[in-house]
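Asker: File name structure21.cif; file contents mmCIF, C-alpha atoms; full text below.
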data_work
loop_
_atom_site.group_PDB
_atom_site.id
_atom_site.type_symbol
_atom_site.label_atom_id
_atom_site.label_comp_id
_atom_site.auth_asym_id
_atom_site.auth_seq_id
_atom_site.Cartn_x
_atom_site.Cartn_y
_atom_site.Cartn_z
ATOM 1 C CA MET M 1 74.841 172.004 104.186
ATOM 2 C CA GLN M 2 73.293 172.157 107.616
ATOM 3 C CA TYR M 3 75.465 171.785 110.679
ATOM 4 C CA GLN M 4 74.461 171.529 114.285
ATOM 5 C CA CYS M 5 76.606 172.269 117.287
ATOM 6 C CA LYS M 6 76.459 169.153 119.438
ATOM 7 C CA THR M 7 76.935 171.216 122.582
ATOM 8 C CA CYS M 8 74.422 174.015 122.228
ATOM 9 C CA LEU M 9 72.344 172.458 119.382
ATOM 10 C CA ALA M 10 72.428 175.665 117.330
ATOM 11 C CA MET M 11 71.999 175.104 113.595
ATOM 12 C CA THR M 12 73.926 176.890 110.895
ATOM 13 C CA ASP M 13 73.851 176.644 107.124
ATOM 14 C CA LEU M 14 77.197 176.855 105.353
ATOM 15 C CA PRO M 15 77.925 176.909 101.615
ATOM 16 C CA PRO M 16 78.788 173.558 100.011
ATOM 17 C CA GLY M 17 82.360 172.534 100.653
ATOM 18 C CA THR M 18 82.822 174.724 103.686
ATOM 19 C CA ASP M 19 84.696 173.072 106.510
ATOM 20 C CA PRO M 20 82.996 174.203 109.708
ATOM 21 C CA HIS M 21 86.160 173.556 111.659
ATOM 22 C CA ALA M 22 88.290 175.702 109.407
ATOM 23 C CA ARG M 23 86.394 178.871 110.135
ATOM 24 C CA THR M 24 88.000 181.464 112.343
ATOM 25 C CA TRP M 25 86.254 183.636 114.820
ATOM 26 C CA CYS M 26 86.613 186.631 112.560
ATOM 27 C CA GLU M 27 84.652 185.090 109.735
ATOM 28 C CA CYS M 28 81.426 185.091 111.580
ATOM 29 C CA CYS M 29 81.968 187.494 114.416
ATOM 30 C CA THR M 30 82.302 190.244 111.858
ATOM 31 C CA VAL M 31 79.319 192.512 111.766
ATOM 32 C CA THR M 32 78.733 195.686 109.838
ATOM 33 C CA ASN M 33 78.434 198.951 111.719
ATOM 34 C CA ASP M 34 76.337 201.938 110.710
ATOM 35 C CA SER M 35 78.949 203.169 108.248
ATOM 36 C CA GLY M 36 79.283 199.765 106.609
ATOM 37 C CA ALA M 37 82.743 199.071 108.020
ATOM 38 C CA PRO M 38 83.359 195.625 109.492
ATOM 39 C CA HIS M 39 83.183 195.651 113.243
ATOM 40 C CA HIS M 40 83.401 193.001 115.858
ATOM 41 C CA HIS M 41 81.421 193.793 118.943
ATOM 42 C CA GLY M 42 82.170 197.457 118.403
ATOM 43 C CA ARG M 43 85.793 197.018 117.343
ATOM 44 C CA ASP M 44 87.402 196.921 113.924
ATOM 45 C CA VAL M 45 88.362 193.406 112.994
ATOM 46 C CA LEU M 46 91.976 193.448 111.926
ATOM 47 C CA SER M 47 93.155 190.008 112.910
ATOM 48 C CA ALA M 48 92.099 186.793 114.503
ATOM 49 C CA GLU M 49 93.824 187.963 117.687
ATOM 50 C CA LYS M 50 91.775 191.148 117.781
ATOM 51 C CA CYS M 51 88.692 189.127 117.156
ATOM 52 C CA GLU M 52 89.567 186.800 119.981
ATOM 53 C CA GLU M 53 90.289 189.696 122.314
ATOM 54 C CA ALA M 54 86.872 191.086 121.602
ATOM 55 C CA ASN M 55 85.079 187.859 122.253
ATOM 56 C CA HIS M 56 83.801 188.737 125.684
ATOM 57 C CA PRO M 57 81.811 186.168 127.609
ATOM 58 C CA GLY M 58 78.179 186.260 126.700
ATOM 59 C CA MET M 59 78.698 187.904 123.347
ATOM 60 C CA PRO M 60 77.664 185.864 120.352
ATOM 61 C CA CYS M 61 80.281 184.135 118.306
ATOM 62 C CA PHE M 62 79.062 182.027 115.437
ATOM 63 C CA SER M 63 82.258 180.193 114.621
ATOM 64 C CA PRO M 64 84.571 177.883 116.494
ATOM 65 C CA PRO M 65 87.922 179.078 117.774
ATOM 66 C CA LYS M 66 91.079 177.434 116.562
ATOM 67 C CA THR M 67 91.352 175.621 119.853
ATOM 68 C CA ALA M 68 88.882 173.047 121.076
ATOM 69 C CA ASP M 69 87.625 175.326 123.841
ATOM 70 C CA LYS M 70 84.271 176.858 123.100
ATOM 71 C CA PRO M 71 84.081 180.519 124.019
ATOM 72 C CA GLU M 72 81.148 181.648 126.079
ATOM 73 C CA GLY M 73 78.264 182.441 123.779
ATOM 74 C CA CYS M 74 79.667 180.559 120.819
ATOM 75 C CA THR M 75 76.841 178.920 118.933
ATOM 76 C CA VAL M 76 78.847 176.657 116.682
ATOM 77 C CA CYS M 77 81.532 174.507 118.179
ATOM 78 C CA ARG M 78 83.352 171.244 117.938
ATOM 79 C CA PRO M 79 82.196 168.626 117.380
ATOM 80 C CA VAL M 80 79.426 169.316 114.920
ATOM 81 C CA MET M 81 76.712 167.249 113.344
ATOM 82 C CA HIS M 82 76.738 167.198 109.543
ATOM 83 C CA PHE M 83 73.259 166.865 108.058
ATOM 84 C CA ALA M 84 73.468 165.224 104.676
ATOM 85 C CA VAL M 85 70.710 165.331 102.084
ATOM 86 C CA ALA M 86 70.585 163.078 99.069
ATOM 87 C CA GLY M 87 69.305 164.255 95.738
ATOM 88 C CA GLU M 88 67.003 161.767 94.159
ATOM 89 C CA PRO M 89 68.744 158.421 93.940
ATOM 90 C CA GLN M 90 68.013 156.525 90.766
ATOM 91 C CA LEU M 91 67.115 152.901 90.455
ATOM 92 C CA VAL M 92 69.994 150.997 88.977
ATOM 93 C CA SER M 93 69.308 149.901 85.439
ATOM 94 C CA GLY M 94 69.867 146.362 84.275
ATOM 95 C CA MET J 95 59.079 158.373 77.106
ATOM 96 C CA PRO J 96 59.019 159.919 80.558
ATOM 97 C CA ALA J 97 55.957 159.749 82.774
ATOM 98 C CA MET J 98 54.631 156.794 80.807
ATOM 99 C CA THR J 99 53.615 154.539 83.692
ATOM 100 C CA ASP J 100 50.353 154.794 85.588
ATOM 101 C CA GLN J 101 51.287 156.127 89.004
ATOM 102 C CA GLY J 102 49.109 153.576 90.724
ATOM 103 C CA ARG J 103 51.363 150.884 89.291
ATOM 104 C CA VAL J 104 54.482 152.894 90.098
ATOM 105 C CA ASN J 105 53.351 153.234 93.702
ATOM 106 C CA ALA J 106 52.648 149.501 93.896
ATOM 107 C CA ILE J 107 56.079 148.601 92.549
ATOM 108 C CA ILE J 108 58.149 150.907 94.723
ATOM 109 C CA GLN J 109 56.070 150.143 97.803
ATOM 110 C CA ALA J 110 56.735 146.433 97.273
ATOM 111 C CA LEU J 111 60.420 147.188 96.927
ATOM 112 C CA PHE J 112 61.094 149.788 99.566
ATOM 113 C CA THR J 113 58.291 149.665 102.123
ATOM 114 C CA SER J 114 58.066 145.936 102.663
ATOM 115 C CA SER J 115 59.858 144.801 105.804
ATOM 116 C CA ALA J 116 60.212 141.265 104.514
ATOM 117 C CA GLN J 117 61.703 139.841 101.353
ATOM 118 C CA ALA J 118 59.643 140.510 98.243
ATOM 119 C CA THR J 119 59.861 137.881 95.509
ATOM 120 C CA PHE J 120 58.966 138.650 91.931
ATOM 121 C CA THR J 121 58.136 135.645 89.812
ATOM 122 C CA PRO J 122 57.669 136.527 86.154
ATOM 123 C CA GLY J 123 55.626 134.315 83.912
ATOM 124 C CA THR J 124 56.990 132.365 80.967
ATOM 125 C CA GLY J 125 59.444 134.466 79.022
ATOM 126 C CA GLY J 126 59.390 137.206 81.644
ATOM 127 C CA GLY J 127 62.888 136.733 82.897
ATOM 128 C CA SER J 128 64.254 135.266 86.093
ATOM 129 C CA VAL J 129 62.793 135.321 89.556
ATOM 130 C CA PHE J 130 64.335 138.059 91.616
ATOM 131 C CA ASN J 131 64.134 139.200 95.220
ATOM 132 C CA ALA J 132 64.371 142.430 97.134
ATOM 133 C CA THR J 133 65.711 141.682 100.588
ATOM 134 C CA PRO J 134 65.415 144.235 103.356
ATOM 135 C CA PRO J 135 66.759 145.705 105.472
ATOM 136 C CA TYR J 136 68.373 148.075 103.020
ATOM 137 C CA HIS J 137 71.744 149.555 103.811
ATOM 138 C CA LEU J 138 72.969 153.059 103.160
ATOM 139 C CA ARG J 139 76.518 153.117 101.831
ATOM 140 C CA LEU J 140 78.626 156.259 101.554
ATOM 141 C CA MET J 141 80.635 156.902 98.398
ATOM 142 C CA THR J 142 83.762 158.954 97.836
ATOM 143 C CA ALA J 143 83.145 158.770 94.087
ATOM 144 C CA GLN J 144 79.780 158.288 92.450
ATOM 145 C CA GLY J 145 79.158 155.403 90.091
ATOM 146 C CA SER J 146 76.304 155.458 87.643
ATOM 147 C CA ASN J 147 72.968 153.733 87.356
ATOM 148 C CA THR J 148 74.366 151.226 84.868
ATOM 149 C CA ALA J 149 74.380 147.766 86.424
ATOM 150 C CA GLY J 150 77.782 147.013 87.905
ATOM 151 C CA SER J 151 79.000 150.618 87.737
ATOM 152 C CA ASN J 152 79.258 150.972 91.451
ATOM 153 C CA GLY J 153 80.707 154.005 93.155
ATOM 154 C CA THR J 154 83.786 153.951 95.352
ATOM 155 C CA GLU J 155 82.700 153.228 98.886
ATOM 156 C CA MET J 156 84.386 154.824 101.838
ATOM 157 C CA PRO J 157 86.626 152.151 103.359
ATOM 158 C CA THR J 158 86.291 150.837 106.879
ATOM 159 C CA GLU J 159 87.915 153.612 108.864
ATOM 160 C CA PHE J 160 87.191 156.409 111.290
ATOM 161 C CA GLY J 161 83.801 155.172 112.412
ATOM 162 C CA TYR J 162 82.530 153.959 109.029
ATOM 163 C CA THR J 163 82.240 150.266 108.253
ATOM 164 C CA LEU J 164 82.268 148.928 104.714
ATOM 165 C CA LEU J 165 78.795 147.925 103.447
ATOM 166 C CA GLY J 166 77.175 150.777 105.306
ATOM 167 C CA GLN J 167 74.483 150.933 107.879
ATOM 168 C CA THR J 168 70.886 149.764 108.018
ATOM 169 C CA LEU J 169 68.049 152.052 107.017
ATOM 170 C CA GLY J 170 65.765 150.201 109.398
ATOM 171 C CA THR J 171 63.255 147.398 109.087
ATOM 172 C CA THR J 172 61.097 149.552 106.843
ATOM 173 C CA PHE J 173 63.195 151.703 104.550
ATOM 174 C CA CYS J 174 60.442 154.039 103.336
ATOM 175 C CA ALA J 175 56.855 154.788 104.186
ATOM 176 C CA ALA J 176 54.241 154.086 101.517
ATOM 177 C CA PRO J 177 54.732 156.242 98.417
ATOM 178 C CA SER J 178 52.563 159.063 97.221
ATOM 179 C CA ALA J 179 52.513 160.032 93.534
ATOM 180 C CA GLY J 180 55.598 157.924 92.915
ATOM 181 C CA VAL J 181 57.649 159.578 95.647
ATOM 182 C CA GLN J 182 58.824 158.184 98.953
ATOM 183 C CA SER J 183 61.561 158.953 101.436
ATOM 184 C CA ASN J 184 63.478 157.236 104.196
ATOM 185 C CA SER J 185 61.593 156.654 107.427
ATOM 186 C CA ASN J 186 64.562 156.356 109.746
ATOM 187 C CA ALA J 187 67.604 158.462 110.479
ATOM 188 C CA VAL J 188 71.025 156.967 109.915
ATOM 189 C CA SER J 189 74.109 158.363 111.568
ATOM 190 C CA TRP J 190 77.787 157.707 112.101
ATOM 191 C CA THR J 191 80.153 159.107 114.709
ATOM 192 C CA ALA J 192 83.508 159.937 113.182
ATOM 193 C CA THR J 193 86.634 158.815 114.984
ATOM 194 C CA GLY J 194 89.006 160.566 112.589
ATOM 195 C CA THR J 195 89.108 162.807 109.547
ATOM 196 C CA TRP J 196 86.810 161.566 106.800
ATOM 197 C CA PRO J 197 87.328 161.838 103.068
ATOM 198 C CA THR J 198 84.783 163.852 101.140
ATOM 199 C CA ILE J 199 81.553 161.954 100.619
ATOM 200 C CA THR J 200 79.871 162.811 97.328
ATOM 201 C CA ALA J 201 77.215 160.166 96.804
ATOM 202 C CA ILE J 202 75.242 157.335 98.320
ATOM 203 C CA GLU J 203 74.129 153.903 97.280
ATOM 204 C CA ILE J 204 71.348 151.803 98.743
ATOM 205 C CA TRP J 205 71.805 148.053 98.751
ATOM 206 C CA ASP J 206 69.683 145.225 100.021
ATOM 207 C CA THR J 207 71.016 142.550 102.364
ATOM 208 C CA ALA J 208 70.640 139.393 100.315
ATOM 209 C CA GLY J 209 73.442 136.839 100.599
ATOM 210 C CA THR J 210 74.786 138.457 97.466
ATOM 211 C CA ALA J 211 73.618 141.989 98.097
ATOM 212 C CA LEU J 212 71.974 143.896 95.260
ATOM 213 C CA ARG J 213 72.416 147.573 94.603
ATOM 214 C CA TRP J 214 69.027 149.221 94.098
ATOM 215 C CA LEU J 215 69.595 152.947 94.204
ATOM 216 C CA GLN J 216 72.419 155.383 93.693
ATOM 217 C CA GLY J 217 72.687 159.141 93.565
ATOM 218 C CA ALA J 218 74.663 162.248 94.403
ATOM 219 C CA LEU J 219 74.301 164.198 97.596
ATOM 220 C CA THR J 220 72.768 167.643 97.350
ATOM 221 C CA SER J 221 76.106 168.868 98.683
ATOM 222 C CA SER J 222 79.138 166.775 99.515
ATOM 223 C CA ILE J 223 79.925 165.940 103.110
ATOM 224 C CA THR J 224 83.203 167.656 103.894
ATOM 225 C CA GLY J 225 85.158 168.640 106.976
ATOM 226 C CA VAL J 226 84.197 165.677 109.121
ATOM 227 C CA VAL J 227 86.657 165.242 111.964
ATOM 228 C CA ASN J 228 86.952 163.132 115.089
ATOM 229 C CA GLY J 229 83.905 163.544 117.312
ATOM 230 C CA ASP J 230 81.584 164.819 114.596
ATOM 231 C CA THR J 231 78.368 163.093 113.689
ATOM 232 C CA VAL J 232 77.210 162.556 110.127
ATOM 233 C CA GLN J 233 73.498 162.135 109.900
ATOM 234 C CA PHE J 234 70.908 161.452 107.237
ATOM 235 C CA ALA J 235 67.729 162.545 108.943
ATOM 236 C CA ALA J 236 64.419 160.844 108.244
ATOM 237 C CA GLY J 237 63.128 162.268 104.975
ATOM 238 C CA SER J 238 66.562 163.315 103.722
ATOM 239 C CA ILE J 239 66.670 160.642 101.009
ATOM 240 C CA THR J 240 63.958 161.066 98.394
ATOM 241 C CA ILE J 241 63.110 158.443 95.808
ATOM 242 C CA ASN J 242 61.209 159.924 92.910
ATOM 243 C CA ALA J 243 59.704 157.565 90.380
ATOM 244 C CA SER J 244 56.979 159.953 89.305
ATOM 245 C CA ALA J 245 58.499 160.312 85.833
ATOM 246 C CA TRP J 246 58.758 156.606 85.035
#
Reformat the file's structure so that it appears as C-alpha coordinates.
Answerer:
Amino acid sequence: MQYQCKTCLAMTDLPPGTDPHARTWCECCTVTNDSGAPHHHGRDVLSAEKCEEANHPGMPCFSPPKTADKPEGCTVCRPVMHFAVAGEPQLVSG
Amino acid sequence: MPAMTDQGRVNAIIQALFTSSAQATFTPGTGGGSVFNATPPYHLRLMTAQGSNTAGSNGTEMPTEFGYTLLGQTLGTTFCAAPSAGVQSNSNAVSWTATGTWPTITAIEIWDTAGTALRWLQGALTSSITGVVNGDTVQFAAGSITINASAW
(Lines of atoms letter the chains of each structure in order from A and count residues from 1; the text may use other names and numbers.)
(Lines give C-alpha, C1' and ligand atoms only; values in the text may rest on other atoms or scores of the structure.)
Protein backbone atom coordinates (compact mmCIF):
# COMPACT_ATOMS: atom_id res chain seq x y z
CA MET A 1 0.00 0.00 0.00
CA GLN A 2 1.35 3.39 -0.95
CA TYR A 3 1.08 6.27 1.47
CA GLN A 4 1.93 9.88 0.97
CA CYS A 5 2.69 12.42 3.64
CA LYS A 6 0.31 15.30 3.01
CA THR A 7 2.80 17.77 4.44
CA CYS A 8 6.05 16.91 2.71
CA LEU A 9 4.54 14.72 -0.09
CA ALA A 10 7.05 11.92 0.52
CA MET A 11 5.81 8.49 -0.57
CA THR A 12 6.32 5.29 1.34
CA ASP A 13 5.27 1.72 0.66
CA LEU A 14 4.12 -0.29 3.66
CA PRO A 15 3.12 -3.97 3.83
CA PRO A 16 -0.61 -4.72 3.57
CA GLY A 17 -2.43 -4.12 6.82
CA THR A 18 0.16 -1.79 8.25
CA ASP A 19 -1.28 1.21 10.03
CA PRO A 20 0.98 4.14 9.15
CA HIS A 21 -0.08 5.94 12.29
CA ALA A 22 0.81 3.06 14.55
CA ARG A 23 4.46 3.10 13.66
CA THR A 24 6.92 4.44 16.17
CA TRP A 25 10.00 6.41 15.42
CA CYS A 26 12.18 3.44 16.20
CA GLU A 27 10.66 1.26 13.53
CA CYS A 28 11.99 3.28 10.71
CA CYS A 29 14.72 5.36 12.25
CA THR A 30 16.61 2.17 12.91
CA VAL A 31 19.55 1.73 10.62
CA THR A 32 22.24 -0.90 10.60
CA ASN A 33 25.80 0.10 11.42
CA ASP A 34 28.95 -1.47 10.03
CA SER A 35 28.80 -4.36 12.49
CA GLY A 36 25.17 -5.09 11.70
CA ALA A 37 23.86 -3.82 15.04
CA PRO A 38 20.80 -1.57 14.95
CA HIS A 39 21.72 2.05 15.33
CA HIS A 40 19.77 5.23 15.24
CA HIS A 41 21.76 8.16 13.99
CA GLY A 42 24.84 6.64 15.57
CA ARG A 43 23.17 5.46 18.77
CA ASP A 44 21.86 2.06 19.79
CA VAL A 45 18.10 1.99 19.67
CA LEU A 46 16.87 0.67 22.98
CA SER A 47 13.55 2.41 23.37
CA ALA A 48 11.21 4.85 21.77
CA GLU A 49 12.53 7.49 24.17
CA LYS A 50 16.10 6.92 23.04
CA CYS A 51 14.95 7.07 19.49
CA GLU A 52 13.17 10.32 20.14
CA GLU A 53 16.19 11.77 21.90
CA ALA A 54 18.29 10.99 18.89
CA ASN A 55 15.94 12.58 16.44
CA HIS A 56 17.89 15.76 15.94
CA PRO A 57 16.49 18.43 13.66
CA GLY A 58 17.40 17.80 10.08
CA MET A 59 18.03 14.11 10.51
CA PRO A 60 15.75 11.83 8.57
CA CYS A 61 12.94 10.10 10.34
CA PHE A 62 10.67 7.96 8.22
CA SER A 63 7.88 7.40 10.69
CA PRO A 64 5.49 9.62 12.58
CA PRO A 65 5.94 10.29 16.27
CA LYS A 66 3.24 9.30 18.69
CA THR A 67 2.21 12.91 18.96
CA ALA A 68 0.78 14.94 16.12
CA ASP A 69 3.89 17.12 15.89
CA LYS A 70 6.10 16.27 12.98
CA PRO A 71 9.77 16.23 13.86
CA GLU A 72 12.12 18.16 11.64
CA GLY A 73 13.16 15.96 8.76
CA CYS A 74 10.34 13.48 9.19
CA THR A 75 9.19 12.29 5.80
CA VAL A 76 6.01 10.55 6.82
CA CYS A 77 3.58 12.34 9.05
CA ARG A 78 -0.03 12.80 9.92
CA PRO A 79 -2.27 13.02 8.06
CA VAL A 80 -1.40 10.68 5.24
CA MET A 81 -2.91 9.90 1.89
CA HIS A 82 -3.82 6.25 1.35
CA PHE A 83 -3.47 5.17 -2.27
CA ALA A 84 -5.82 2.31 -2.98
CA VAL A 85 -5.52 -0.01 -5.96
CA ALA A 86 -8.26 -2.33 -7.09
CA GLY A 87 -7.55 -5.74 -8.49
CA GLU A 88 -9.57 -6.45 -11.55
CA PRO A 89 -13.24 -5.94 -10.78
CA GLN A 90 -15.51 -8.46 -12.42
CA LEU A 91 -18.70 -7.77 -14.25
CA VAL A 92 -21.63 -8.92 -12.20
CA SER A 93 -23.25 -12.00 -13.64
CA GLY A 94 -26.97 -12.26 -14.18
CA MET B 1 -14.32 -21.41 -22.45
CA PRO B 2 -12.09 -18.48 -21.61
CA ALA B 3 -10.88 -16.06 -24.27
CA MET B 4 -13.70 -17.10 -26.57
CA THR B 5 -14.87 -13.67 -27.71
CA ASP B 6 -13.28 -11.66 -30.49
CA GLN B 7 -11.53 -8.78 -28.76
CA GLY B 8 -12.91 -6.30 -31.25
CA ARG B 9 -16.38 -7.17 -29.99
CA VAL B 10 -15.21 -7.14 -26.38
CA ASN B 11 -13.76 -3.67 -26.86
CA ALA B 12 -17.00 -2.47 -28.46
CA ILE B 13 -19.11 -3.80 -25.60
CA ILE B 14 -17.06 -2.46 -22.72
CA GLN B 15 -16.49 0.87 -24.46
CA ALA B 16 -20.26 1.25 -24.85
CA LEU B 17 -20.68 0.44 -21.18
CA PHE B 18 -17.85 2.27 -19.49
CA THR B 19 -16.60 4.98 -21.84
CA SER B 20 -19.89 6.47 -22.93
CA SER B 21 -20.75 9.65 -21.06
CA ALA B 22 -24.44 9.28 -21.81
CA GLN B 23 -26.90 6.49 -21.20
CA ALA B 24 -26.39 3.48 -23.45
CA THR B 25 -29.51 1.50 -24.30
CA PHE B 26 -29.35 -2.08 -25.48
CA THR B 27 -32.39 -3.29 -27.35
CA PRO B 28 -32.26 -7.01 -28.09
CA GLY B 29 -34.24 -8.45 -30.93
CA THR B 30 -37.11 -10.89 -30.55
CA GLY B 31 -36.28 -13.49 -27.95
CA GLY B 32 -33.12 -11.66 -26.92
CA GLY B 33 -34.27 -10.60 -23.52
CA SER B 34 -35.31 -7.25 -22.13
CA VAL B 35 -34.07 -3.81 -23.01
CA PHE B 36 -31.49 -2.64 -20.54
CA ASN B 37 -29.56 0.55 -19.92
CA ALA B 38 -26.19 1.56 -18.60
CA THR B 39 -26.49 4.97 -17.01
CA PRO B 40 -23.40 7.01 -16.24
CA PRO B 41 -21.94 8.57 -14.28
CA TYR B 42 -20.74 5.48 -12.48
CA HIS B 43 -20.14 5.61 -8.76
CA LEU B 44 -17.36 3.99 -6.79
CA ARG B 45 -18.61 2.43 -3.57
CA LEU B 46 -16.34 1.19 -0.79
CA MET B 47 -17.02 -2.16 0.84
CA THR B 48 -16.12 -3.47 4.27
CA ALA B 49 -16.96 -6.99 3.10
CA GLN B 50 -16.82 -8.19 -0.48
CA GLY B 51 -19.87 -9.68 -2.15
CA SER B 52 -19.55 -11.83 -5.22
CA ASN B 53 -20.28 -11.41 -8.89
CA THR B 54 -23.57 -13.28 -8.55
CA ALA B 55 -26.45 -10.89 -9.20
CA GLY B 56 -27.79 -9.53 -5.93
CA SER B 57 -24.81 -10.71 -3.86
CA ASN B 58 -23.72 -7.24 -2.99
CA GLY B 59 -20.92 -6.48 -0.59
CA THR B 60 -21.35 -4.59 2.66
CA GLU B 61 -20.92 -0.91 1.94
CA MET B 62 -19.25 1.39 4.39
CA PRO B 63 -22.04 3.37 6.06
CA THR B 64 -22.38 7.13 5.91
CA GLU B 65 -19.80 8.21 8.46
CA PHE B 66 -16.45 9.89 8.83
CA GLY B 67 -16.39 11.54 5.44
CA TYR B 68 -17.92 8.69 3.42
CA THR B 69 -21.45 8.91 2.09
CA LEU B 70 -23.50 5.83 1.27
CA LEU B 71 -23.74 5.14 -2.49
CA GLY B 72 -20.20 6.32 -3.04
CA GLN B 73 -18.71 8.97 -5.21
CA THR B 74 -18.75 9.68 -8.93
CA LEU B 75 -16.04 8.34 -11.19
CA GLY B 76 -16.58 11.29 -13.51
CA THR B 77 -18.56 11.89 -16.67
CA THR B 78 -16.44 9.35 -18.51
CA PHE B 79 -15.54 6.43 -16.28
CA CYS B 80 -12.86 4.87 -18.49
CA ALA B 81 -10.95 5.77 -21.60
CA ALA B 82 -11.46 3.58 -24.66
CA PRO B 83 -10.29 0.00 -24.09
CA SER B 84 -7.31 -1.70 -25.61
CA ALA B 85 -7.22 -5.50 -25.94
CA GLY B 86 -10.20 -5.80 -23.62
CA VAL B 87 -8.63 -3.74 -20.84
CA GLN B 88 -9.52 -0.29 -19.60
CA SER B 89 -9.02 1.70 -16.43
CA ASN B 90 -10.54 4.65 -14.64
CA SER B 91 -9.83 8.06 -16.13
CA ASN B 92 -10.43 10.14 -13.03
CA ALA B 93 -9.16 10.08 -9.48
CA VAL B 94 -11.65 9.65 -6.68
CA SER B 95 -10.85 10.65 -3.13
CA TRP B 96 -12.39 11.05 0.29
CA THR B 97 -11.17 13.03 3.29
CA ALA B 98 -11.69 11.09 6.49
CA THR B 99 -13.21 12.87 9.45
CA GLY B 100 -12.79 9.94 11.82
CA THR B 101 -11.42 6.42 12.05
CA TRP B 102 -12.54 4.27 9.14
CA PRO B 103 -13.27 0.56 9.17
CA THR B 104 -11.10 -1.61 6.98
CA ILE B 105 -12.07 -1.38 3.33
CA THR B 106 -11.54 -4.65 1.47
CA ALA B 107 -13.37 -4.27 -1.82
CA ILE B 108 -15.11 -1.94 -4.22
CA GLU B 109 -18.22 -1.98 -6.31
CA ILE B 110 -19.07 0.18 -9.29
CA TRP B 111 -22.69 1.11 -9.82
CA ASP B 112 -24.44 3.22 -12.39
CA THR B 113 -26.78 6.06 -11.46
CA ALA B 114 -30.08 4.92 -12.92
CA GLY B 115 -33.19 5.63 -10.86
CA THR B 116 -32.77 2.09 -9.61
CA ALA B 117 -29.00 1.89 -9.73
CA LEU B 118 -27.40 -1.21 -11.22
CA ARG B 119 -24.24 -2.81 -9.95
CA TRP B 120 -21.86 -3.46 -12.84
CA LEU B 121 -18.52 -4.35 -11.33
CA GLN B 122 -17.17 -5.68 -8.08
CA GLY B 123 -13.77 -6.79 -6.88
CA ALA B 124 -11.24 -6.92 -4.07
CA LEU B 125 -8.60 -4.32 -3.46
CA THR B 126 -5.01 -5.32 -4.08
CA SER B 127 -4.52 -4.60 -0.38
CA SER B 128 -7.14 -3.49 2.10
CA ILE B 129 -7.34 0.12 3.15
CA THR B 130 -6.49 0.19 6.84
CA GLY B 131 -5.43 2.76 9.40
CA VAL B 132 -7.44 5.66 8.03
CA VAL B 133 -7.91 8.32 10.68
CA ASN B 134 -9.26 11.85 10.87
CA GLY B 135 -7.51 14.12 8.38
CA ASP B 136 -6.27 11.35 6.10
CA THR B 137 -7.17 11.17 2.45
CA VAL B 138 -8.15 7.96 0.70
CA GLN B 139 -7.54 8.13 -2.99
CA PHE B 140 -8.04 5.94 -6.02
CA ALA B 141 -5.73 7.54 -8.54
CA ALA B 142 -6.54 7.56 -12.24
CA GLY B 143 -5.58 4.14 -13.58
CA SER B 144 -5.86 2.41 -10.21
CA ILE B 145 -8.99 0.46 -11.18
CA THR B 146 -8.41 -1.96 -14.04
CA ILE B 147 -11.20 -3.72 -15.89
CA ASN B 148 -9.93 -6.74 -17.74
CA ALA B 149 -12.27 -8.46 -20.15
CA SER B 150 -9.51 -9.90 -22.30
CA ALA B 151 -10.39 -13.45 -21.25
CA TRP B 152 -14.10 -13.30 -22.07
Asker: Find the spatial neighbours of Met81 in chain M, counting all atoms listed in the file, within a cut-off of 6 Å - ignore same-chain residues fewer than 5 positions away - and output them as a list in words.
Answerer: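 So the residues in contact are Tyr3 and Gln4 of chain M; Asp230, Thr231 and Val232 of chain J.
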Asker: Let's have the selection written as a PDB file, in the frame of the given file, with C-alpha atoms.
Answerer:
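Just written: again.pdb:
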ATOM      1  CA  TYR M   3      75.465 171.785 110.679  1.00  0.00           C
ATOM      2  CA  GLN M   4      74.461 171.529 114.285  1.00  0.00           C
TER       3      GLN M   4
ATOM      4  CA  ASP J 230      81.584 164.819 114.596  1.00  0.00           C
ATOM      5  CA  THR J 231      78.368 163.093 113.689  1.00  0.00           C
ATOM      6  CA  VAL J 232      77.210 162.556 110.127  1.00  0.00           C
TER       7      VAL J 232
END
Asker: Please check which residues have atoms at most 12 Å from (68.1, 150.4, 107.6) in the file's coordinates, counting only C-alpha atoms, and write them as a ChimeraX atom specification.
Answerer: /J:112-113,115,133-139,165-174,184-189,204-207,234,236
Asker: Leaving out Ala106 in chain J and any residue of its chain fewer than 4 positions from it, which residues lie within 9 Å of it when counting only C-alpha atoms, given as a PyMOL selection string?
Answerer: chain J and resi 101-102+110-111+177+180
Asker: For the PyMOL selection byres ((chain M) within 6 of (chain J)), applied here, can you spell out every residue it catches as a ChimeraX atom specification?
Answerer: /M:16-17,19,79-94
Asker: Between CA of Gln2 in chain M and CA of Trp196 in chain J, measure the distance and give it in Å to one decimal.
Answerer: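 These atoms are spaced 17.2 Å apart.
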Asker: One decimal, Å: what's the distance from CA of Gly145 in chain J over to CA of Thr195 in chain J, could you say?
Answerer: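 For CA of Gly145 in chain J relative to CA of Thr195 in chain J, the distance reads 23.1 Å.
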Asker: When the PyMOL selection byres ((chain J and resi 96) around 10) is applied to the structure above, which residues does it catch, written out as number ranges by chain?
Answerer: J: 95, 97-99, 244-246
Asker: Rounded to one decimal place, report the CA of Thr193 in chain J-CA of Ala143 in chain J distance in Å.
Answerer: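 Distance between the two atoms: 21.2 Å.
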Asker: With distances taken over only C-alpha atoms, which of J:Ala132, J:Ala179, J:Met141, J:Met156 is nearest to Ala211 in chain J?
Answerer: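 Of the candidates, the smallest distance to Ala211 in chain J is held by J:Ala132.
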